[in-house]
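Everything below belongs to my_file.txt, which stores compact mmCIF, C-alpha atoms.
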# COMPACT_ATOMS: atom_id res chain seq x y z
CA MET R 9 139.31 85.67 99.77
CA GLN R 10 137.64 85.33 103.14
CA LYS R 11 134.68 87.53 104.02
CA LEU R 12 135.87 90.76 105.64
CA LEU R 13 134.84 91.23 109.24
CA PRO R 14 131.68 89.07 109.03
CA SER R 15 130.45 90.06 112.48
CA HIS R 16 131.08 93.74 111.94
CA LYS R 17 128.01 95.92 111.87
CA PRO R 18 127.85 99.40 110.30
CA ALA R 19 128.55 102.34 112.56
CA HIS R 20 124.95 103.37 112.15
CA SER R 21 123.38 100.87 114.55
CA SER R 22 120.48 102.05 116.66
CA HIS R 23 120.83 103.76 120.03
CA MET R 24 117.28 103.29 121.15
CA PRO R 25 118.01 102.37 124.82
CA GLU R 26 119.77 105.69 125.42
CA VAL R 27 117.04 107.58 123.61
CA SER R 28 114.37 105.83 125.67
CA ALA R 29 116.13 106.85 128.88
CA GLU R 30 116.30 110.46 127.73
CA TRP R 31 112.62 110.58 126.91
CA ALA R 32 111.72 108.84 130.15
CA ALA R 33 113.46 111.66 131.99
CA ALA R 34 111.69 114.17 129.77
CA ALA R 35 108.36 112.55 130.62
CA SER R 36 109.08 112.92 134.34
CA ASN R 37 109.97 116.60 133.91
CA LEU R 38 106.90 117.09 131.74
CA LEU R 39 104.46 115.85 134.37
CA SER R 40 106.13 118.05 136.98
CA ASN R 41 105.73 121.06 134.69
CA ILE R 42 102.09 120.21 134.01
CA ARG R 43 101.30 119.94 137.70
CA SER R 44 103.11 123.22 138.34
CA SER R 45 101.19 124.89 135.52
CA TRP R 46 97.93 123.48 136.94
CA THR R 47 98.67 125.08 140.31
CA ASN R 48 99.65 128.46 138.82
CA CYS R 49 96.70 128.49 136.47
CA ALA R 50 94.35 127.62 139.32
CA ALA R 51 95.65 130.49 141.41
CA LEU R 52 95.29 132.99 138.57
CA THR R 53 91.82 131.80 137.60
CA ALA R 54 90.61 131.78 141.18
CA ALA R 55 91.76 135.35 141.65
CA SER R 56 89.70 136.44 138.64
CA LEU R 57 86.50 134.66 139.69
CA PRO R 58 83.65 136.76 141.16
CA GLY R 59 82.42 136.13 144.71
CA ALA R 60 83.80 136.04 148.20
CA GLY R 61 87.35 134.94 148.87
CA GLU R 62 86.24 131.90 150.86
CA ASP R 63 84.06 130.68 147.97
CA ARG R 64 86.87 131.11 145.52
CA GLU R 65 89.29 129.26 147.74
CA LYS R 66 86.77 126.48 148.24
CA ILE R 67 86.47 125.98 144.49
CA TRP R 68 90.21 125.51 144.08
CA ASP R 69 90.82 123.58 147.32
CA PRO R 70 92.11 120.17 146.09
CA SER R 71 90.43 118.35 148.96
CA VAL R 72 87.10 119.83 147.85
CA MET R 73 87.61 120.13 144.09
CA PHE R 74 88.61 116.50 143.58
CA SER R 75 86.41 114.95 146.30
CA GLU R 76 84.10 112.11 145.35
CA ASP R 77 81.10 113.75 147.08
CA LEU R 78 81.44 116.99 145.16
CA TRP R 79 81.97 115.00 141.97
CA LEU R 80 78.71 113.07 142.44
CA GLU R 81 76.81 116.15 143.63
CA ASN R 82 77.78 118.13 140.55
CA GLU R 83 76.97 115.18 138.36
CA LYS R 84 73.35 115.40 139.53
CA SER R 85 72.92 119.18 139.69
CA CYS R 86 74.74 120.42 136.62
CA ALA R 87 73.34 120.20 133.14
CA VAL R 88 76.76 119.88 131.58
CA VAL R 89 76.99 116.19 132.34
CA HIS R 90 75.93 114.98 128.94
CA LYS R 91 79.44 114.49 127.61
CA SER R 92 80.32 111.94 125.03
CA LYS R 93 82.09 108.83 126.26
CA ARG R 94 85.02 109.72 124.07
CA GLY R 95 85.47 113.18 125.62
CA ARG R 96 85.06 111.79 129.12
CA LYS R 97 87.70 109.13 128.51
CA ARG R 98 90.18 111.71 127.27
CA GLN R 99 89.59 113.88 130.32
CA GLU R 100 89.99 110.91 132.65
CA LEU R 101 93.20 109.78 130.95
CA LEU R 102 94.75 113.20 131.31
CA ALA R 103 93.59 113.43 134.93
CA VAL R 104 95.26 110.09 135.64
CA ALA R 105 98.49 111.34 134.06
CA LEU R 106 98.36 114.40 136.32
CA GLY R 107 97.50 112.36 139.40
CA VAL R 108 94.25 114.26 139.99
CA LYS R 109 90.51 113.76 139.59
CA VAL R 110 88.84 116.65 137.82
CA GLY R 111 85.36 117.62 138.98
CA VAL R 112 82.76 119.59 137.01
CA LYS R 113 83.96 122.93 138.40
CA GLY R 114 87.41 121.92 137.32
CA ALA R 115 86.14 122.25 133.75
CA LEU R 116 87.13 125.93 134.01
CA LEU R 117 90.71 124.75 133.74
CA TRP R 118 90.14 121.90 131.34
CA GLN R 119 90.58 123.75 128.03
CA PRO R 120 93.88 125.56 128.78
CA LEU R 121 95.22 122.48 130.55
CA LYS R 122 94.31 120.28 127.59
CA LEU R 123 96.11 122.61 125.18
CA PHE R 124 99.23 122.36 127.27
CA ALA R 125 99.21 118.69 128.16
CA TYR R 126 98.15 117.28 124.79
CA SER R 127 100.95 119.11 122.97
CA GLN R 128 103.44 117.44 125.33
CA ILE R 129 102.00 113.97 125.85
CA THR R 130 101.49 113.31 122.12
CA SER R 131 105.23 113.43 121.52
CA LEU R 132 106.00 111.12 124.44
CA VAL R 133 103.34 108.60 123.45
CA ARG R 134 104.72 108.53 119.90
CA ARG R 135 108.21 107.74 121.15
CA ALA R 136 106.99 105.14 123.64
CA ALA R 137 105.13 103.38 120.82
CA LEU R 138 108.28 103.30 118.70
CA THR R 139 110.40 101.70 121.40
CA GLN R 140 107.78 98.99 121.99
CA ASN R 141 107.36 98.07 118.32
CA ASP R 142 109.54 95.01 117.78
CA ASN R 143 108.86 95.03 114.03
CA HIS R 144 110.16 98.54 113.61
CA PHE R 145 113.38 98.89 111.60
CA ASN R 146 115.38 101.20 113.80
CA TYR R 147 117.19 103.20 111.15
CA GLU R 148 118.56 106.38 112.65
CA LYS R 149 117.16 109.52 111.05
CA ALA R 150 117.73 113.16 111.90
CA HIS R 151 114.72 115.50 112.09
CA ASN R 152 114.07 117.84 109.19
CA PHE R 153 113.42 121.03 111.19
CA LYS R 154 112.08 124.19 109.57
CA VAL R 155 111.17 127.52 111.16
CA HIS R 156 107.44 127.60 111.90
CA THR R 157 104.87 130.14 113.10
CA PHE R 158 102.39 128.48 115.48
CA ARG R 159 98.77 129.52 115.84
CA GLY R 160 97.69 129.55 119.48
CA PRO R 161 99.74 128.52 122.52
CA HIS R 162 102.40 125.89 121.97
CA TRP R 163 104.96 124.23 124.19
CA CYS R 164 108.32 122.74 123.23
CA GLU R 165 108.08 118.95 123.00
CA TYR R 166 111.69 118.61 124.15
CA CYS R 167 112.02 120.88 127.19
CA ALA R 168 108.25 121.33 127.89
CA ASN R 169 108.61 125.12 128.16
CA PHE R 170 106.34 127.67 126.48
CA MET R 171 107.19 128.98 123.00
CA TRP R 172 107.11 132.76 123.27
CA GLY R 173 106.55 135.21 120.44
CA LEU R 174 104.02 136.05 117.76
CA ILE R 175 105.85 134.67 114.73
CA ALA R 176 108.59 132.07 114.19
CA GLN R 177 108.28 130.85 117.80
CA GLY R 178 110.10 127.59 117.07
CA VAL R 179 110.78 124.89 114.52
CA ARG R 180 108.73 121.93 113.28
CA CYS R 181 109.98 118.70 111.72
CA SER R 182 108.42 118.51 108.27
CA ASP R 183 108.61 114.71 108.36
CA CYS R 184 107.14 113.81 111.76
CA GLY R 185 105.64 117.09 113.05
CA LEU R 186 107.80 117.43 116.20
CA ASN R 187 107.59 121.00 117.59
CA VAL R 188 110.56 122.36 119.57
CA HIS R 189 112.48 125.56 120.29
CA LYS R 190 115.16 126.37 117.74
CA GLN R 191 117.77 126.05 120.50
CA CYS R 192 116.36 122.67 121.62
CA SER R 193 116.52 121.29 118.08
CA LYS R 194 120.29 120.91 118.49
CA TYR R 195 119.80 118.40 121.31
CA VAL R 196 116.88 116.33 119.98
CA PRO R 197 117.99 112.72 119.28
CA ASN R 198 117.99 111.39 115.73
CA ASP R 199 114.76 109.47 116.32
CA CYS R 200 112.51 110.98 113.66
CA GLN R 201 109.63 108.68 112.72
CA PRO R 202 108.09 110.19 109.55
CA ASP R 203 104.31 110.38 109.36
CA LEU R 204 102.80 108.83 106.22
CA LYS R 205 100.38 111.77 106.00
CA ARG R 206 103.35 114.06 105.41
CA ILE R 207 105.00 111.88 102.74
CA LYS R 208 103.43 113.06 99.49
CA ARG R 209 105.30 110.84 97.04
CA VAL R 210 107.70 107.92 96.66
CA TYR R 211 110.06 109.18 93.99
CA CYS R 212 112.28 112.16 94.90
CA CYS R 213 111.76 111.36 98.60
CA ASP R 214 114.74 110.87 100.92
CA LEU R 215 115.53 107.16 101.12
CA THR R 216 115.67 106.88 104.93
CA THR R 217 112.52 108.99 105.28
CA LEU R 218 110.61 106.67 102.92
CA VAL R 219 111.63 103.39 104.57
CA LYS R 220 110.93 104.70 108.09
CA ALA R 221 107.53 106.06 107.06
CA HIS R 222 106.52 102.68 105.58
CA ASN R 223 108.45 100.65 108.20
CA THR R 224 110.33 98.59 105.61
CA GLN R 225 113.96 97.54 105.21
CA ARG R 226 114.23 98.99 101.71
CA PRO R 227 112.24 101.32 99.46
CA MET R 228 109.19 99.59 98.02
CA VAL R 229 110.25 100.58 94.49
CA VAL R 230 113.49 98.63 94.84
CA ASP R 231 111.78 95.52 96.22
CA SER R 232 108.93 95.53 93.69
CA CYS R 233 111.02 96.22 90.59
CA ILE R 234 113.76 93.72 91.45
CA ARG R 235 111.17 91.06 92.25
CA GLU R 236 109.51 91.61 88.86
CA ILE R 237 112.81 91.66 86.95
CA GLU R 238 114.06 88.46 88.57
CA ALA R 239 110.75 86.75 87.83
CA ARG R 240 110.73 87.41 84.08
CA GLY R 241 113.67 89.50 82.89
CA LEU R 242 117.07 88.14 83.91
CA LYS R 243 117.67 86.71 80.43
CA SER R 244 116.47 89.84 78.61
CA GLU R 245 119.18 91.06 76.22
CA GLY R 246 120.73 94.36 77.26
CA LEU R 247 118.96 94.41 80.65
CA TYR R 248 119.45 97.85 82.27
CA ARG R 249 121.34 99.04 79.17
CA VAL R 250 118.36 99.11 76.81
CA SER R 251 115.93 101.91 77.64
CA GLY R 252 112.16 101.51 77.86
CA PHE R 253 109.65 104.08 76.59
CA THR R 254 110.01 107.24 78.67
CA GLU R 255 106.27 107.85 78.96
CA HIS R 256 105.70 104.30 80.21
CA ILE R 257 108.48 104.71 82.79
CA GLU R 258 106.76 107.89 83.95
CA ASP R 259 103.51 105.91 84.27
CA VAL R 260 105.27 103.46 86.60
CA LYS R 261 106.64 106.37 88.62
CA MET R 262 103.17 107.87 89.00
CA ALA R 263 101.75 104.47 89.96
CA PHE R 264 104.21 104.17 92.85
CA ASP R 265 103.60 107.78 93.92
CA ARG R 266 99.85 107.16 93.88
CA ASP R 267 99.50 103.56 95.10
CA GLY R 268 102.75 102.87 96.96
CA ASP R 269 103.50 99.17 97.42
CA LYS R 270 100.15 98.29 95.81
CA ALA R 271 101.26 99.61 92.41
CA ASP R 272 100.66 97.05 89.66
CA ILE R 273 103.78 96.57 87.51
CA SER R 274 102.97 93.06 86.32
CA ALA R 275 103.53 91.75 82.79
CA SER R 276 99.86 92.25 81.96
CA ILE R 277 100.29 96.01 82.39
CA TYR R 278 103.94 96.47 81.35
CA PRO R 279 105.06 93.52 79.16
CA ASP R 280 108.41 95.20 78.33
CA ILE R 281 110.79 94.46 81.24
CA ASN R 282 112.97 97.40 80.19
CA ILE R 283 110.22 99.72 81.45
CA ILE R 284 110.52 98.24 84.94
CA ALA R 285 114.34 98.40 84.79
CA GLY R 286 114.11 102.03 83.65
CA ALA R 287 111.73 102.87 86.53
CA LEU R 288 114.24 101.40 89.01
CA LYS R 289 117.13 103.43 87.57
CA LEU R 290 114.96 106.56 87.57
CA TYR R 291 114.21 106.06 91.27
CA PHE R 292 117.92 106.00 92.10
CA ARG R 293 118.60 109.06 89.91
CA ASP R 294 115.79 111.05 91.55
CA LEU R 295 116.99 110.49 95.13
CA PRO R 296 117.87 113.83 96.77
CA ILE R 297 120.78 112.03 98.49
CA PRO R 298 122.27 109.23 96.32
CA VAL R 299 122.52 105.66 97.61
CA ILE R 300 126.27 106.24 97.93
CA THR R 301 125.92 109.49 99.84
CA TYR R 302 127.66 112.79 99.23
CA ASP R 303 129.53 112.42 102.53
CA THR R 304 131.17 109.17 101.44
CA TYR R 305 131.63 109.98 97.74
CA SER R 306 135.21 111.27 97.95
CA LYS R 307 136.25 108.35 100.18
CA PHE R 308 134.94 105.85 97.62
CA ILE R 309 136.79 107.63 94.81
CA GLU R 310 140.04 107.61 96.82
CA ALA R 311 139.58 103.91 97.56
CA ALA R 312 139.07 103.19 93.85
CA LYS R 313 142.44 104.83 93.07
CA ILE R 314 144.38 102.36 95.21
CA ALA R 315 146.48 100.12 92.96
CA ASN R 316 146.75 97.04 95.18
CA PRO R 317 143.53 94.98 94.77
CA ASP R 318 143.44 93.64 98.34
CA GLU R 319 144.08 97.05 99.91
CA ARG R 320 141.50 98.61 97.59
CA LEU R 321 138.90 96.03 98.62
CA GLU R 322 139.64 96.64 102.31
CA ALA R 323 139.35 100.42 101.82
CA ILE R 324 135.99 100.06 100.03
CA HIS R 325 134.72 97.82 102.84
CA GLU R 326 135.66 100.44 105.45
CA VAL R 327 133.84 103.19 103.54
CA LEU R 328 130.75 101.00 103.19
CA MET R 329 130.52 100.96 107.00
CA LEU R 330 130.07 104.75 106.94
CA LEU R 331 126.86 104.63 104.91
CA PRO R 332 123.53 105.26 106.69
CA ALA R 333 121.77 102.00 107.57
CA ALA R 334 118.97 102.31 105.00
CA HIS R 335 121.45 103.19 102.23
CA TYR R 336 123.72 100.29 103.19
CA GLU R 337 120.85 97.79 103.13
CA THR R 338 119.51 99.09 99.79
CA LEU R 339 122.97 98.94 98.19
CA ARG R 340 123.54 95.42 99.55
CA TYR R 341 120.23 94.17 98.15
CA LEU R 342 120.87 95.79 94.76
CA MET R 343 124.36 94.26 94.46
CA ILE R 344 123.00 90.78 95.23
CA HIS R 345 120.47 91.30 92.43
CA LEU R 346 123.06 92.60 89.94
CA LYS R 347 125.27 89.60 90.73
CA LYS R 348 122.33 87.40 89.64
CA VAL R 349 122.10 89.42 86.42
CA THR R 350 125.77 88.68 85.64
CA LEU R 351 125.13 84.94 86.09
CA HIS R 352 122.96 85.12 82.93
CA GLU R 353 125.59 87.00 80.91
CA LYS R 354 125.33 84.51 78.03
CA ASP R 355 121.73 85.56 77.50
CA ASN R 356 121.62 89.23 78.53
CA PHE R 357 125.24 90.20 77.61
CA MET R 358 125.54 92.20 80.84
CA ASN R 359 128.68 91.56 82.91
CA ALA R 360 129.84 93.43 86.03
CA GLU R 361 131.76 95.99 83.98
CA ASN R 362 128.75 96.81 81.78
CA LEU R 363 126.52 97.14 84.84
CA GLY R 364 129.16 99.38 86.44
CA ILE R 365 128.96 101.73 83.45
CA VAL R 366 125.16 101.89 83.79
CA PHE R 367 124.87 102.17 87.58
CA GLY R 368 128.04 104.13 88.42
CA PRO R 369 126.61 107.62 87.76
CA THR R 370 123.19 106.45 89.01
CA LEU R 371 124.27 105.34 92.48
CA MET R 372 126.92 107.99 93.20
CA ARG R 373 127.21 111.65 92.30
CA PRO R 374 129.81 114.26 93.32
CA PRO R 375 128.65 116.74 96.01
CA GLU R 376 129.46 119.73 93.78
CA ASP R 377 127.43 120.03 90.60
CA SER R 378 130.43 120.06 88.28
CA THR R 379 130.41 118.49 84.82
CA LEU R 380 134.20 118.35 84.79
CA ALA R 381 134.35 116.50 88.13
CA THR R 382 131.71 114.05 86.92
CA LEU R 383 133.66 113.28 83.73
CA ASN R 384 136.94 112.86 85.64
CA ASP R 385 135.35 110.49 88.19
CA MET R 386 133.28 108.45 85.76
CA ARG R 387 135.82 105.63 85.39
CA TYR R 388 136.16 105.37 89.18
CA GLN R 389 132.36 105.31 89.60
CA LYS R 390 132.21 102.43 87.15
CA LEU R 391 135.05 100.63 88.94
CA ILE R 392 133.41 100.99 92.38
CA VAL R 393 130.12 99.44 91.23
CA GLN R 394 131.98 96.72 89.32
CA ILE R 395 133.96 95.79 92.47
CA LEU R 396 130.80 95.84 94.61
CA ILE R 397 129.07 93.42 92.21
CA GLU R 398 132.00 91.05 91.84
CA ASN R 399 132.70 90.94 95.59
CA GLU R 400 129.22 91.33 97.06
CA ASP R 401 129.61 88.14 99.09
CA VAL R 402 132.82 89.49 100.64
CA LEU R 403 131.95 93.15 101.11
CA PHE R 404 128.41 92.83 102.56

So that I can check it, write out the structure of this file as structure tokens.
Amino acid sequence: MQKLLPSHKPAHSSHMPEVSAEWAAAASNLLSNIRSSWTNCAALTAASLPGAGEDREKIWDPSVMFSEDLWLENEKSCAVVHKSKRGRKRQELLAVALGVKVGVKGALLWQPLKLFAYSQITSLVRRAALTQNDNHFNYEKAHNFKVHTFRGPHWCEYCANFMWGLIAQGVRCSDCGLNVHKQCSKYVPNDCQPDLKRIKRVYCCDLTTLVKAHNTQRPMVVDSCIREIEARGLKSEGLYRVSGFTEHIEDVKMAFDRDGDKADISASIYPDINIIAGALKLYFRDLPIPVITYDTYSKFIEAAKIANPDERLEAIHEVLMLLPAAHYETLRYLMIHLKKVTLHEKDNFMNAENLGIVFGPTLMRPPEDSTLATLNDMRYQKLIVQILIENEDVLF
């Protein structure tokens, strides 16, 4: 059978150009808001300063405040010129962004202005860096927003407006740290780039979150374990069916959580290949959202019930296109590996049907936690994985 739609890409391809345009517009609005806030803050601060009105106006007169002569004069006369190069660079960078040159007397405004501008510019710089990184795997990921109480003044990183209130002023993404109004969170693009500092572990972590945080195509556990199994375990009898020691599998899990892609799972540490196979299966079982997601579960089950083999294969292919990009790539890579396992069936006694029995409940689970539904769907789960293995060259 010919490969189905070879040029077809999943419906989860990246939309980075549109996102970049949106954030470019946001950047323009941001700078306008900052300049406006600078003017308002200057007026308020000038009104509260002691001294004659003319003196106060002179301090905040842009032609005087940002003049080169006054800058040099204050450099000589004031004692507060011993700033670190780092602090000076930051101040100059922000001044350039605002289109102004801040003199020493302008330091009165520096702290409140910095609080405002840094909270806004950080978000824009992060997004600009993402769009310029050619090596970045642009898997789409929604933000994981949670209600948050901010300490001190904060501004929304989407609309650049102030977050009012004493508690629960807005929401923060627990994966990347983006701070926005609760209302604005509905309009933020699915461009979350998780911060490694916020990812505490590898197991039990959302699949897309993990691969975006480490900037990889697939989870490191999948790559490392499959590489080790293919190097020394394809002919092992009962591969994936025979269980390794539970405590050793837990050791592998902790090694990945602690060391990430530097975890040592070589034969010198774990000579029994079933431990590595068990660690891989445990990773898939511990995913909060299975590789075959809850959203597509029922569609896969319905496709498996189709009697005609060709129509069933076409239906499964269409549902595969609905998977998130990271899930699709992980499933594709796993099926290629399991197909290699079946090529050594004479040695390991593991054919596509046996692997379907093992990986069916591991890769797909019903959305509702029902034992009865799981038992009723078990044969279809096995059939789906069996078909994916046997037709991996056609379906992916």

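The point (129.9, 111.2, 103.7) has these residues within 10 Å of it when all atoms listed in the file are used: R:Ile300, R:Thr301, R:Tyr302, R:Asp303, R:Thr304, R:Tyr305, R:Ser306, R:Lys307, R:Phe308, R:Val327, R:Leu330, R:Leu331, R:Pro332, R:Pro375.
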
Requested write-out: C-alpha atoms of the selected residues, as a PDB file, keeping the file's coordinate frame:
ATOM      1  CA  ILE R 300     126.270 106.240  97.930  1.00  0.00           C
ATOM      2  CA  THR R 301     125.920 109.490  99.840  1.00  0.00           C
ATOM      3  CA  TYR R 302     127.660 112.790  99.230  1.00  0.00           C
ATOM      4  CA  ASP R 303     129.530 112.420 102.530  1.00  0.00           C
ATOM      5  CA  THR R 304     131.170 109.170 101.440  1.00  0.00           C
ATOM      6  CA  TYR R 305     131.630 109.980  97.740  1.00  0.00           C
ATOM      7  CA  SER R 306     135.210 111.270  97.950  1.00  0.00           C
ATOM      8  CA  LYS R 307     136.250 108.350 100.180  1.00  0.00           C
ATOM      9  CA  PHE R 308     134.940 105.850  97.620  1.00  0.00           C
ATOM     10  CA  VAL R 327     133.840 103.190 103.540  1.00  0.00           C
ATOM     11  CA  LEU R 330     130.070 104.750 106.940  1.00  0.00           C
ATOM     12  CA  LEU R 331     126.860 104.630 104.910  1.00  0.00           C
ATOM     13  CA  PRO R 332     123.530 105.260 106.690  1.00  0.00           C
ATOM     14  CA  PRO R 375     128.650 116.740  96.010  1.00  0.00           C
TER      15      PRO R 375
END

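The coordinates place CA of His325 (chain R) at 5.7 Å from CA of Leu403 (chain R).
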
Completion exercise
Using only C-alpha atoms, the best pick from R:Arg373, R:Lys154, R:Arg320, R:Lys220 as closest to His189 (chain R) would be R:Lys154

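Closest to Tyr166 (chain R) among R:Arg180, R:Ile207, R:Gly364, R:Leu391 is R:Arg180, based on all atoms listed in the file.
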
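Of the residues under consideration (R:Ile395, R:Cys192, R:Leu242, R:Ala221), R:Leu242 shows the shortest atom-to-atom contact distance to Asp355 (chain R) when counting all atoms listed in the file.
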
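If you measure from each of R:Lys194, R:Leu204, R:Phe292, R:Leu186 to Val366 (chain R) using only C-alpha atoms, the closest one turns out to be R:Phe292.
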
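Computed from the coordinates, the CA of Glu400 (chain R) to CA of Val260 (chain R) distance equals 28.8 Å.
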
Exercise for the section: May I ask for the distance between CA of Thr217 (chain R) and CA of Glu326 (chain R), given in Å to one decimal place? Expected result: 24.7 Å

Exercise for the section: Kindly provide, as an MDAnalysis selection string, the polymer residues lying within 12 Å of (104.5, 102.7, 92.3), counting only C-alpha atoms and using the coordinates exactly as they appear in the file. Expected result: chainID R and resid 209:211 227:233 257:274 284 287:288 291

Using the file's own x, y and z axes, what box holds all listed atoms of region 379-385 of chain R with 4 Å on each side, keeping edges along x, y and z, and what are its centre and edge lengths in Å to one decimal, as JSON?
{"center_x": 133.7, "center_y": 114.5, "center_z": 86.0, "size_x": 14.5, "size_y": 16.0, "size_z": 12.5}

Practice task
Please identify all polymer residues within 7 Å of region 245-247 of chain R, counting only C-alpha atoms, omitting same-chain residues fewer than 4 positions from it, and present them as a count of residues only.
Solution key: 5

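Minimum atom-to-atom distance to Lys243 (chain R), evaluated using all atoms listed in the file, belongs to R:His352 out of R:Ser182, R:His352, R:Leu371, R:Asn384.
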
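Among R:Cys200, R:Ala360, R:Ile175, R:Ala285, the residue with the shortest atom-to-atom distance to Met343 (chain R), counting only C-alpha atoms, is R:Ala360.
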
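Near Gln191 (chain R), within 10 Å and counting only C-alpha atoms, sit Gly178, Val179 and Val196 of chain R, not including residues fewer than 5 positions from it in the same chain.
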